[in-house]
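A.B. asks: One structure is given below, represented as structure tokens, and several questions about it will come after.
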Amino acid sequence: MQMTTPPPTRIAKDLANRKLIVQRTFFGPIDLVWRAWTEKDLLEQWWAPKPFKAVTKSYDFREGGHWLYYMLGPDGSKMFACFNFHTIQPQRGFTGDDFFCDENGVRTDLYPGMAWKNEFRPVPEGTEVTVDVTFQSEADLQRIVELGFEEGFTMAHGNLDELLAQHR
Amino acid sequence: MSPKARRDIFQAIADPTRRAIISLLVLQAMTPNALAENFSVSRQAISKHIRILDECGIIECRHQGREIFYQVPPEKLKSVADWIEQFRQLWEQRYTQLDDLLLQLKPKTNANDNPSSDANC
């Protein structure tokens with residue numbers, strides 16, 4: 001395997017518990033992958049699927065802290081979201097929940113969120129990251145798609161193919 | 001309080017027997033008896049699965065004389081598959097971006113092994 005070809009992203013479904021589990025290995029040491037996940041300047045560079053951009057309003061990575069940010073759309077639209085950090089074990093993992101909110105971080109009840117458990121593990125190739133997302137209901141997942149990500153994803157898919165081609 | 005607990009489509013497809021029932025009822029409308037003939041489990045167990053599928057809002061029933069026919073409209077399943085595909089695409093895109101970022105960061109951390117370095121901030 002070429003070191004520059006990214007490993008596949010594996011998605012496991014635990015539908016009885018409304019869970020989706022995303023597992024991926026990255027070619028980078030755990031300290032670097034951890035930083036990319038937990039330092040806002042790095043997180044902003046990859047969190048939003050193109051052509052969206054993640055823009056931080058406030059960031060406080062500690063237990064009980066939160067990340068208030070918005071997804072800036074190509075048409076200038078802003079969709080605010082907040083990620084609450086619950087537990088943090090440096091370079092091991094963190095848990096939290098996220099939800100859509102207004103620009104002040106006030107939760108908008110229309111869009112209930114998801115519970116997250118992110119785990120980091122050193123492997124021979126680099127770092128394995130397991131993201132465990134639990135949706136409160138089927139409706140949550142549907143709403144998230146309806147919020148306009150759909151178009152972004154479709155556009156992103158084209159970008160992804162290009163990027164993957166560059167990596168070969 | 002409604003005697004009919006609302007469930008969702010994820011519960012419908014979480015069980016292997018229900019998935020098998022769905023795959024039959026997507027193809028054709030069947031009576032409970034005809035359906036049960038395809039399974040080794042009891043007729044009672046099949047009835048229970050049908051009830052759950054009904055509570056999930058995934059099956060439609062039609063009365064014809066004394067018989068009742070069940071069917072699963074294909075769009076009910078397609079909607080779930082679509083959401084998961086969207087989810088997969090989001091993460092693949094994100095992670096491709098993260099791969100690129102890690103490639104950019106690597107030389108800098110090799111030069112300075114201190115993980116708390118804020119050279120990139």
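Scheme for the structure tokens: letters A, B, ... for chains in order shown; per-chain residue numbers from 1; ligand numbers from 1 in order shown.
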Which residues, written as an MDAnalysis selection string, have at least one atom at most 10 Å from Leu53 (chain B), with only C-alpha atoms counted and residues fewer than 2 positions away on the same chain left out?
C.D. replies: chainID B and resid 7:9 11:13 18:19 21:22 47:51 55:60 72
A.B. asks: Hey, can you spit out that residue selection with N, CA and C atoms as an mmCIF file, in the first residue's frame?
C.D. replies:
```cif
data_model
loop_
_atom_site.group_PDB
_atom_site.id
_atom_site.type_symbol
_atom_site.label_atom_id
_atom_site.label_comp_id
_atom_site.auth_asym_id
_atom_site.auth_seq_id
_atom_site.Cartn_x
_atom_site.Cartn_y
_atom_site.Cartn_z
ATOM 1 N N ARG B 7 -42.738 3.677 16.851
ATOM 2 C CA ARG B 7 -41.351 3.271 16.672
ATOM 3 C C ARG B 7 -40.860 3.919 15.395
ATOM 4 N N ASP B 8 -39.609 3.703 15.055
ATOM 5 C CA ASP B 8 -39.142 4.263 13.799
ATOM 6 C C ASP B 8 -38.513 3.188 12.929
ATOM 7 N N ILE B 9 -38.155 3.603 11.755
ATOM 8 C CA ILE B 9 -37.718 2.682 10.721
ATOM 9 C C ILE B 9 -36.440 1.926 11.117
ATOM 10 N N GLN B 11 -35.742 0.688 14.021
ATOM 11 C CA GLN B 11 -36.133 -0.510 14.774
ATOM 12 C C GLN B 11 -36.665 -1.575 13.825
ATOM 13 N N ALA B 12 -37.326 -1.128 12.775
ATOM 14 C CA ALA B 12 -37.886 -2.078 11.811
ATOM 15 C C ALA B 12 -36.795 -2.947 11.205
ATOM 16 N N ILE B 13 -35.670 -2.328 10.860
ATOM 17 C CA ILE B 13 -34.648 -3.078 10.122
ATOM 18 C C ILE B 13 -33.516 -3.597 11.006
ATOM 19 N N ARG B 18 -37.047 -9.510 10.688
ATOM 20 C CA ARG B 18 -37.841 -8.412 10.118
ATOM 21 C C ARG B 18 -37.266 -7.965 8.784
ATOM 22 N N ARG B 19 -35.937 -7.984 8.684
ATOM 23 C CA ARG B 19 -35.343 -7.620 7.384
ATOM 24 C C ARG B 19 -35.792 -8.603 6.304
ATOM 25 N N ILE B 21 -38.576 -10.378 6.349
ATOM 26 C CA ILE B 21 -40.001 -10.115 6.089
ATOM 27 C C ILE B 21 -40.128 -8.916 5.135
ATOM 28 N N ILE B 22 -39.354 -7.871 5.434
ATOM 29 C CA ILE B 22 -39.409 -6.673 4.595
ATOM 30 C C ILE B 22 -39.017 -7.009 3.161
ATOM 31 N N SER B 47 -46.308 -12.838 13.521
ATOM 32 C CA SER B 47 -47.340 -11.835 13.823
ATOM 33 C C SER B 47 -46.762 -10.692 14.658
ATOM 34 N N LYS B 48 -45.895 -11.068 15.582
ATOM 35 C CA LYS B 48 -45.286 -10.048 16.441
ATOM 36 C C LYS B 48 -44.403 -9.105 15.608
ATOM 37 N N HIS B 49 -43.637 -9.715 14.690
ATOM 38 C CA HIS B 49 -42.795 -8.887 13.824
ATOM 39 C C HIS B 49 -43.647 -7.975 12.939
ATOM 40 N N ILE B 50 -44.762 -8.505 12.449
ATOM 41 C CA ILE B 50 -45.644 -7.695 11.605
ATOM 42 C C ILE B 50 -46.182 -6.511 12.413
ATOM 43 N N ARG B 51 -46.523 -6.802 13.672
ATOM 44 C CA ARG B 51 -47.052 -5.720 14.515
ATOM 45 C C ARG B 51 -45.989 -4.630 14.698
ATOM 46 N N GLU B 55 -46.097 -0.731 13.601
ATOM 47 C CA GLU B 55 -45.847 0.389 14.518
ATOM 48 C C GLU B 55 -44.746 1.307 13.992
ATOM 49 N N CYS B 56 -43.867 0.732 13.228
ATOM 50 C CA CYS B 56 -42.781 1.520 12.624
ATOM 51 C C CYS B 56 -43.279 2.314 11.415
ATOM 52 N N GLY B 57 -44.489 2.031 11.012
ATOM 53 C CA GLY B 57 -45.054 2.752 9.868
ATOM 54 C C GLY B 57 -44.454 2.314 8.550
ATOM 55 N N ILE B 58 -43.926 1.106 8.520
ATOM 56 C CA ILE B 58 -43.220 0.673 7.318
ATOM 57 C C ILE B 58 -44.095 -0.193 6.415
ATOM 58 N N ILE B 59 -45.147 -0.785 6.992
ATOM 59 C CA ILE B 59 -45.992 -1.628 6.128
ATOM 60 C C ILE B 59 -47.372 -1.017 5.923
ATOM 61 N N GLU B 60 -47.950 -1.389 4.814
ATOM 62 C CA GLU B 60 -49.318 -0.990 4.525
ATOM 63 C C GLU B 60 -50.147 -2.265 4.467
ATOM 64 N N VAL B 72 -44.766 -3.639 1.781
ATOM 65 C CA VAL B 72 -43.839 -2.571 2.170
ATOM 66 C C VAL B 72 -43.564 -1.689 0.951
#
```
A.B. asks: Find the spatial neighbours of Asn118 (chain A), counting only C-alpha atoms, within a cut-off of 9 Å - ignore same-chain residues fewer than 6 positions away - and output them as an mmCIF file with C-alpha atoms, in the first residue's frame.
C.D. replies:
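Just written: result.cif:
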```cif
data_model
loop_
_atom_site.group_PDB
_atom_site.id
_atom_site.type_symbol
_atom_site.label_atom_id
_atom_site.label_comp_id
_atom_site.auth_asym_id
_atom_site.auth_seq_id
_atom_site.Cartn_x
_atom_site.Cartn_y
_atom_site.Cartn_z
ATOM 1 C CA ARG A 92 -7.402 8.747 24.206
ATOM 2 C CA GLY A 93 -10.800 10.168 23.473
ATOM 3 C CA PHE A 94 -13.584 12.590 24.255
ATOM 4 C CA THR A 95 -17.360 12.548 24.482
ATOM 5 C CA GLY A 96 -19.979 15.179 23.961
ATOM 6 C CA VAL A 129 -10.104 7.042 15.110
ATOM 7 C CA THR A 130 -13.499 5.607 16.022
ATOM 8 C CA VAL A 131 -16.433 8.013 16.033
ATOM 9 C CA ASP A 132 -19.597 6.681 17.611
ATOM 10 C CA VAL A 133 -22.625 8.868 16.905
#
```
A.B. asks: Nearest residue to Ala54 (chain A) out of B:Ala45, B:Arg94, B:Ser40, B:Gln104, using only C-alpha atoms?
C.D. replies: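 Selected residue with least distance to Ala54 (chain A): B:Arg94.
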A.B. asks: Contacts of Arg10 (chain A) at 10 Å or less, counting only C-alpha atoms, minus same-chain residues fewer than 2 places along, as a list in words?
C.D. replies: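 The residues satisfying every condition are Pro7, Pro8, Ala12, Lys13, Ile21, Val22, Gln23, Arg24, Thr25 and Thr130 of chain A; Arg88, Trp91 and Glu92 of chain B.
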A.B. asks: How about saving the chosen residues, N, CA and C atoms kept, as an mmCIF file, in the first residue's frame?
C.D. replies:
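Result file part28.cif:
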```
data_model
loop_
_atom_site.group_PDB
_atom_site.id
_atom_site.type_symbol
_atom_site.label_atom_id
_atom_site.label_comp_id
_atom_site.auth_asym_id
_atom_site.auth_seq_id
_atom_site.Cartn_x
_atom_site.Cartn_y
_atom_site.Cartn_z
ATOM 1 N N PRO A 7 -6.605 5.058 3.872
ATOM 2 C CA PRO A 7 -7.361 3.820 4.104
ATOM 3 C C PRO A 7 -8.863 4.110 3.990
ATOM 4 N N PRO A 8 -9.657 3.061 3.800
ATOM 5 C CA PRO A 8 -11.099 3.292 3.665
ATOM 6 C C PRO A 8 -11.731 3.752 4.973
ATOM 7 N N ALA A 12 -20.120 1.401 10.381
ATOM 8 C CA ALA A 12 -20.927 0.302 10.901
ATOM 9 C C ALA A 12 -22.247 0.874 11.392
ATOM 10 N N LYS A 13 -23.303 0.137 11.177
ATOM 11 C CA LYS A 13 -24.622 0.589 11.598
ATOM 12 C C LYS A 13 -25.096 -0.258 12.761
ATOM 13 N N ILE A 21 -21.296 4.131 13.470
ATOM 14 C CA ILE A 21 -19.920 4.120 13.955
ATOM 15 C C ILE A 21 -18.991 4.281 12.756
ATOM 16 N N VAL A 22 -18.165 5.320 12.813
ATOM 17 C CA VAL A 22 -17.262 5.631 11.705
ATOM 18 C C VAL A 22 -15.842 5.331 12.163
ATOM 19 N N GLN A 23 -15.143 4.469 11.434
ATOM 20 C CA GLN A 23 -13.782 4.122 11.840
ATOM 21 C C GLN A 23 -12.826 4.361 10.680
ATOM 22 N N ARG A 24 -11.677 4.962 11.008
ATOM 23 C CA ARG A 24 -10.721 5.329 9.961
ATOM 24 C C ARG A 24 -9.329 5.364 10.569
ATOM 25 N N THR A 25 -8.339 4.955 9.778
ATOM 26 C CA THR A 25 -6.947 5.060 10.209
ATOM 27 C C THR A 25 -6.294 6.211 9.456
ATOM 28 N N THR A 130 -12.158 6.194 16.057
ATOM 29 C CA THR A 130 -13.499 5.607 16.022
ATOM 30 C C THR A 130 -14.492 6.648 16.539
ATOM 31 N N ARG B 88 -22.199 8.857 5.091
ATOM 32 C CA ARG B 88 -20.926 8.294 4.653
ATOM 33 C C ARG B 88 -20.140 9.314 3.827
ATOM 34 N N TRP B 91 -18.507 12.043 5.976
ATOM 35 C CA TRP B 91 -17.286 11.628 6.681
ATOM 36 C C TRP B 91 -16.145 11.376 5.729
ATOM 37 N N GLU B 92 -16.414 10.849 4.557
ATOM 38 C CA GLU B 92 -15.323 10.631 3.600
ATOM 39 C C GLU B 92 -14.721 11.970 3.188
#
```
A.B. asks: When you draw a straight line from CA of Thr56 (chain A) to CA of Pro122 (chain A), how long is it in Å?
C.D. replies: 28.7 Å
A.B. asks: As an exercise, work out the distance from CA of Trp46 (chain A) to CA of Glu128 (chain A) in Å and give it to one decimal place.
C.D. replies: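 We find that CA of Trp46 (chain A) and CA of Glu128 (chain A) lie 17.1 Å from each other.
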